[in-house]
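Structure first, commentary second.
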Amino acid sequence: MMDFSKLKPARDVAIIGIGSTEFGEHWNKSLRELAGEAGSKALHDANINPEEIQLLVGGNMSGGMFVGQEHGSGLFADYLGINPTPSMRTEAACASGSVAARVGFMAVASGMYDVVAVGGAEKMTDVPGDTATSVLAGAMDQENEAFHGLTFPSVYAFLANRHMFDYGTTREQIAMIPVKNHKNGHLNPIAHFKSKITVEDVMNSALVADPLRLLDCSPISDGAASIIMVPADKAKDYDDDPIYIRASAQASDSLTVHDRRDMTTLDATVWAAKEAYQRAGLSPKDINIAEVHDCFSINELIAYEDLGFAKKGEGGKLIESGEVEIGGKIPINTSGGLKAKGHPVGATGIAQLYELVEQLRGKAGKRQVENARYGLAHNVGGSGATVVVHILSNER
């Protein structure tokens, strides 16, 4: 792997504004209204006017199939009233939002633009559940996986079974992850699910793909989130409490799971994390809080290991230790994660950054992590063909 620590952006980048809708089932709001709400809140938080935006980048996985709306870039710019400002849409399955954030980061870091708005939005509940499953299957290999009946629950069930076989991970350990995330979601006013659950609830919920059950699976959600980026040396002209992007990294792996080196490791996570740590000059031990991609419970457990928070095969021990709880050594998914906060796929990556900014500002309320300095966001596209890792800090 090349040494990314020697590659520096032309300018440091800061986040000066954030906004989010509540995540859930928004029967009375359209895709444009959700995106507009989140964008307007971010502009208000940054105390800037729409005409100050020089570039808009929006993450959206499949507006065309969910609501029949393609050309989201034009839609979002028009609805926010920022024409003729350039606007673009990014798509990378469930990592669409984080890729948008990365494009926005590079636009500011390069010196091409000074004020960039980045958003993510998805309206998923307007189609039946089986249609949503079919749309999401578009993020896997159509010829070699989806055509033969594979779905994402079954893919992650393969990973769970293999991890249990190789490392002795227990079903109870996996079930502890959604329990933790629902407890955190209970404290989050914008979470899709605010109800607490127990290990027994998870173990007794409907079987989806053995060993994964309904309460191991993130929901179908609607929602949007947005952030405003500027050069770090100008950030305090807008905001007394900017949050700095210390690293942005992305990696790819094979689209098909059967071509992977190891079913229990998402190599793209490992590679993206290593690059992010190098660019930030940090190690996993320096991270105080993380938002990781828990589309299914097993994915969070595997992320513990791939991100360096636990040794390989010891993710189950980490969740048992309580160290990933609020108040523990490395609180993970204080927002409630995808499982409880919700997973409107195009918005998820931006929502993770939203949570980290709130935490690093010290404004996360009852779920606040004390003395947080460094936060990591980990967003997975599909079953790991795309992974994006960001590291934020309240110190430049």
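Labeling convention for the structure tokens: chains A, B, ... as they appear, residues from 1 per chain, ligands from 1 in order of appearance.
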Notebook entry, point to check: Neighbours of Lys285 (chain A) within 12 Å (only C-alpha atoms; same-chain residues fewer than 5 positions away dropped), as JSON, numbers by chain?
Noted result: {"A": [277, 290, 307, 308, 309, 310, 329, 330, 374, 375, 376]}
Checklist line | Shell around Gly168 (chain A) at 12 Å using only C-alpha atoms, local window under 6 positions removed, as a VMD selection string | finding: chain A and resid 160 to 162 174 312 to 317
Keeping only all heavy atoms, take the residues you just selected and write them out as a PDB file, in the first residue's frame.
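Output saved as part_9.pdb:
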```pdb
ATOM      1  N   ALA A 160     -22.166 -13.896   8.317  1.00  0.00           N
ATOM      2  CA  ALA A 160     -22.389 -14.210   9.726  1.00  0.00           C
ATOM      3  C   ALA A 160     -22.078 -15.675  10.023  1.00  0.00           C
ATOM      4  O   ALA A 160     -21.383 -15.990  11.005  1.00  0.00           O
ATOM      5  CB  ALA A 160     -23.839 -13.893  10.103  1.00  0.00           C
ATOM      6  N   ASN A 161     -22.578 -16.569   9.192  1.00  0.00           N
ATOM      7  CA  ASN A 161     -22.317 -17.997   9.414  1.00  0.00           C
ATOM      8  C   ASN A 161     -20.828 -18.317   9.367  1.00  0.00           C
ATOM      9  O   ASN A 161     -20.317 -19.101  10.172  1.00  0.00           O
ATOM     10  CB  ASN A 161     -23.068 -18.835   8.371  1.00  0.00           C
ATOM     11  CG  ASN A 161     -24.524 -19.035   8.727  1.00  0.00           C
ATOM     12  OD1 ASN A 161     -24.849 -19.444   9.834  1.00  0.00           O
ATOM     13  ND2 ASN A 161     -25.421 -18.735   7.792  1.00  0.00           N
ATOM     14  N   ARG A 162     -20.134 -17.692   8.408  1.00  0.00           N
ATOM     15  CA  ARG A 162     -18.707 -17.957   8.292  1.00  0.00           C
ATOM     16  C   ARG A 162     -17.940 -17.413   9.500  1.00  0.00           C
ATOM     17  O   ARG A 162     -17.006 -18.050   9.997  1.00  0.00           O
ATOM     18  CB  ARG A 162     -18.159 -17.340   7.000  1.00  0.00           C
ATOM     19  CG  ARG A 162     -16.726 -17.767   6.697  1.00  0.00           C
ATOM     20  CD  ARG A 162     -16.684 -19.215   6.245  1.00  0.00           C
ATOM     21  NE  ARG A 162     -15.407 -19.841   6.553  1.00  0.00           N
ATOM     22  CZ  ARG A 162     -15.069 -21.058   6.136  1.00  0.00           C
ATOM     23  NH1 ARG A 162     -15.933 -21.771   5.416  1.00  0.00           N
ATOM     24  NH2 ARG A 162     -13.914 -21.571   6.448  1.00  0.00           N
ATOM     25  N   ILE A 174     -23.965 -11.286  18.326  1.00  0.00           N
ATOM     26  CA  ILE A 174     -24.474 -10.531  17.176  1.00  0.00           C
ATOM     27  C   ILE A 174     -25.743  -9.780  17.561  1.00  0.00           C
ATOM     28  O   ILE A 174     -25.946  -8.620  17.168  1.00  0.00           O
ATOM     29  CB  ILE A 174     -24.721 -11.474  15.986  1.00  0.00           C
ATOM     30  CG1 ILE A 174     -23.404 -12.100  15.512  1.00  0.00           C
ATOM     31  CG2 ILE A 174     -25.404 -10.739  14.834  1.00  0.00           C
ATOM     32  CD1 ILE A 174     -23.562 -13.195  14.467  1.00  0.00           C
ATOM     33  N   LYS A 312      -8.746  -9.449  14.712  1.00  0.00           N
ATOM     34  CA  LYS A 312      -9.558 -10.305  13.857  1.00  0.00           C
ATOM     35  C   LYS A 312     -10.151 -11.448  14.668  1.00  0.00           C
ATOM     36  O   LYS A 312      -9.440 -12.143  15.413  1.00  0.00           O
ATOM     37  CB  LYS A 312      -8.713 -10.872  12.706  1.00  0.00           C
ATOM     38  CG  LYS A 312      -9.519 -11.620  11.667  1.00  0.00           C
ATOM     39  CD  LYS A 312     -10.512 -10.676  10.999  1.00  0.00           C
ATOM     40  CE  LYS A 312     -11.566 -11.415  10.180  1.00  0.00           C
ATOM     41  NZ  LYS A 312     -12.594 -10.503   9.664  1.00  0.00           N
ATOM     42  N   GLY A 313     -11.465 -11.631  14.551  1.00  0.00           N
ATOM     43  CA  GLY A 313     -12.159 -12.694  15.260  1.00  0.00           C
ATOM     44  C   GLY A 313     -12.629 -12.308  16.645  1.00  0.00           C
ATOM     45  O   GLY A 313     -13.315 -13.103  17.302  1.00  0.00           O
ATOM     46  N   GLU A 314     -12.302 -11.083  17.112  1.00  0.00           N
ATOM     47  CA  GLU A 314     -12.653 -10.690  18.475  1.00  0.00           C
ATOM     48  C   GLU A 314     -13.708  -9.594  18.532  1.00  0.00           C
ATOM     49  O   GLU A 314     -13.894  -8.958  19.561  1.00  0.00           O
ATOM     50  CB  GLU A 314     -11.395 -10.262  19.232  1.00  0.00           C
ATOM     51  CG  GLU A 314     -10.399 -11.407  19.419  1.00  0.00           C
ATOM     52  CD  GLU A 314      -9.213 -11.037  20.292  1.00  0.00           C
ATOM     53  OE1 GLU A 314      -9.187  -9.903  20.833  1.00  0.00           O
ATOM     54  OE2 GLU A 314      -8.320 -11.892  20.458  1.00  0.00           O
ATOM     55  N   GLY A 315     -14.422  -9.404  17.421  1.00  0.00           N
ATOM     56  CA  GLY A 315     -15.498  -8.423  17.427  1.00  0.00           C
ATOM     57  C   GLY A 315     -16.593  -8.769  18.420  1.00  0.00           C
ATOM     58  O   GLY A 315     -17.165  -7.886  19.061  1.00  0.00           O
ATOM     59  N   GLY A 316     -16.886 -10.062  18.554  1.00  0.00           N
ATOM     60  CA  GLY A 316     -17.895 -10.497  19.518  1.00  0.00           C
ATOM     61  C   GLY A 316     -17.500 -10.157  20.942  1.00  0.00           C
ATOM     62  O   GLY A 316     -18.338  -9.752  21.761  1.00  0.00           O
ATOM     63  N   LYS A 317     -16.230 -10.305  21.247  1.00  0.00           N
ATOM     64  CA  LYS A 317     -15.744  -9.964  22.596  1.00  0.00           C
ATOM     65  C   LYS A 317     -15.860  -8.459  22.849  1.00  0.00           C
ATOM     66  O   LYS A 317     -16.134  -8.034  23.972  1.00  0.00           O
ATOM     67  CB  LYS A 317     -14.300 -10.416  22.755  1.00  0.00           C
ATOM     68  CG  LYS A 317     -14.109 -11.925  22.757  1.00  0.00           C
ATOM     69  CD  LYS A 317     -12.642 -12.289  22.928  1.00  0.00           C
ATOM     70  CE  LYS A 317     -12.443 -13.800  22.918  1.00  0.00           C
ATOM     71  NZ  LYS A 317     -11.000 -14.174  23.049  1.00  0.00           N
TER      72      LYS A 317
END
```
Margin query: Env of Asp12 (chain A): 8 Å cut, atoms = only C-alpha atoms, seq-sep filter 5 positions within chain, self excluded. Answer as a VMD selection string.
Written below: chain A and resid 109 231 to 233 244 to 246
Note to self: Considering only C-alpha atoms, can you say which of A:Gly119, A:Gly322, A:Gly384, A:Gly58 comes closest to Ser40 (chain A)?
What the structure shows: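 Distance minimum relative to Ser40 (chain A) lands on A:Gly119.
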Checklist line | Filtered DSSP result for region 281-317 of chain A, state helix (DSSP H, G or I), as JSON, numbers by chain | finding: {"A": [284, 285, 286, 297, 298, 299, 300, 301, 302, 303, 304, 305, 306, 315, 316, 317]}
Please produce an output containing C-alpha atoms for each residue in the selection, written as a compact mmCIF listing (two decimals), in the first residue's frame.
```
# COMPACT_ATOMS: atom_id res chain seq x y z
CA PRO A 284 -7.50 3.33 15.69
CA LYS A 285 -6.59 4.00 19.34
CA ASP A 286 -6.97 7.74 18.76
CA SER A 297 -25.81 -6.65 12.73
CA ILE A 298 -22.92 -8.77 11.50
CA ASN A 299 -21.57 -5.89 9.42
CA GLU A 300 -21.01 -3.75 12.51
CA LEU A 301 -19.21 -6.62 14.23
CA ILE A 302 -16.95 -7.16 11.20
CA ALA A 303 -16.33 -3.39 11.02
CA TYR A 304 -14.93 -3.46 14.57
CA GLU A 305 -12.19 -5.72 13.26
CA ASP A 306 -11.66 -4.17 9.84
CA GLY A 315 -15.50 -8.42 17.43
CA GLY A 316 -17.89 -10.50 19.52
CA LYS A 317 -15.74 -9.96 22.60
```
Note to self: Which residues are near Ala191 (chain A)? Cut-off 6 Å, only C-alpha atoms, ignore same chain within fewer than 5 positions. Put them as a ChimeraX atom specification.
What the structure shows: /A:23,185,341
Export all heavy atoms of the chosen residues as a PDB file, in the first residue's frame?
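See result15.pdb below for the written result:
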```pdb
ATOM      1  N   PHE A  23     -35.652  10.705  10.208  1.00  0.00           N
ATOM      2  CA  PHE A  23     -35.684   9.524   9.353  1.00  0.00           C
ATOM      3  C   PHE A  23     -36.906   8.689   9.719  1.00  0.00           C
ATOM      4  O   PHE A  23     -37.262   8.567  10.892  1.00  0.00           O
ATOM      5  CB  PHE A  23     -34.414   8.684   9.539  1.00  0.00           C
ATOM      6  CG  PHE A  23     -33.193   9.247   8.846  1.00  0.00           C
ATOM      7  CD1 PHE A  23     -33.198  10.516   8.293  1.00  0.00           C
ATOM      8  CD2 PHE A  23     -32.035   8.503   8.758  1.00  0.00           C
ATOM      9  CE1 PHE A  23     -32.090  11.034   7.656  1.00  0.00           C
ATOM     10  CE2 PHE A  23     -30.906   9.006   8.125  1.00  0.00           C
ATOM     11  CZ  PHE A  23     -30.931  10.270   7.573  1.00  0.00           C
ATOM     12  N   GLY A 185     -30.655   4.918  19.672  1.00  0.00           N
ATOM     13  CA  GLY A 185     -31.708   5.543  18.887  1.00  0.00           C
ATOM     14  C   GLY A 185     -32.821   6.106  19.757  1.00  0.00           C
ATOM     15  O   GLY A 185     -33.453   7.104  19.403  1.00  0.00           O
ATOM     16  N   LYS A 341     -31.499   4.476  13.711  1.00  0.00           N
ATOM     17  CA  LYS A 341     -31.688   5.807  13.138  1.00  0.00           C
ATOM     18  C   LYS A 341     -32.392   5.705  11.804  1.00  0.00           C
ATOM     19  O   LYS A 341     -33.202   6.560  11.445  1.00  0.00           O
ATOM     20  CB  LYS A 341     -30.350   6.521  12.963  1.00  0.00           C
ATOM     21  CG  LYS A 341     -30.518   7.955  12.447  1.00  0.00           C
ATOM     22  CD  LYS A 341     -29.204   8.696  12.339  1.00  0.00           C
ATOM     23  CE  LYS A 341     -29.449  10.128  11.897  1.00  0.00           C
ATOM     24  NZ  LYS A 341     -28.198  10.911  11.795  1.00  0.00           N
TER      25      LYS A 341
END
```
Checklist line | Neighbour list for region 348-364 of chain A as JSON, numbers by chain, cut-off 7 Å, only C-alpha atoms, skip fewer than 3 positions in-chain | finding: {"A": [18, 95, 97, 98, 119, 120, 225, 226, 241, 243, 291, 335, 343, 344, 345, 367, 368, 369, 372, 373, 375, 377, 379, 393, 394]}
Note to self: At a cut-off of 8 Å, using only C-alpha atoms, what residues contact Thr90 (chain A)? Leave out same-chain residues fewer than 6 positions from it and give the result as a PyMOL selection string.
What the structure shows: chain A and resi 57-61+96-97+99-100
Export C-alpha atoms of the chosen residues as a tab-separated table (two decimals), in the first residue's frame?
```tsv
chain	number	residue	atom	x	y	z
A	57	VAL	CA	-23.15	17.58	-4.63
A	58	GLY	CA	-26.02	15.19	-3.86
A	59	GLY	CA	-25.88	11.50	-3.04
A	60	ASN	CA	-28.83	9.43	-4.25
A	61	MET	CA	-28.80	5.72	-5.01
A	96	SER	CA	-23.70	7.36	-2.31
A	97	GLY	CA	-23.80	10.03	0.42
A	99	VAL	CA	-18.97	9.61	-2.02
A	100	ALA	CA	-20.82	12.93	-2.38
```
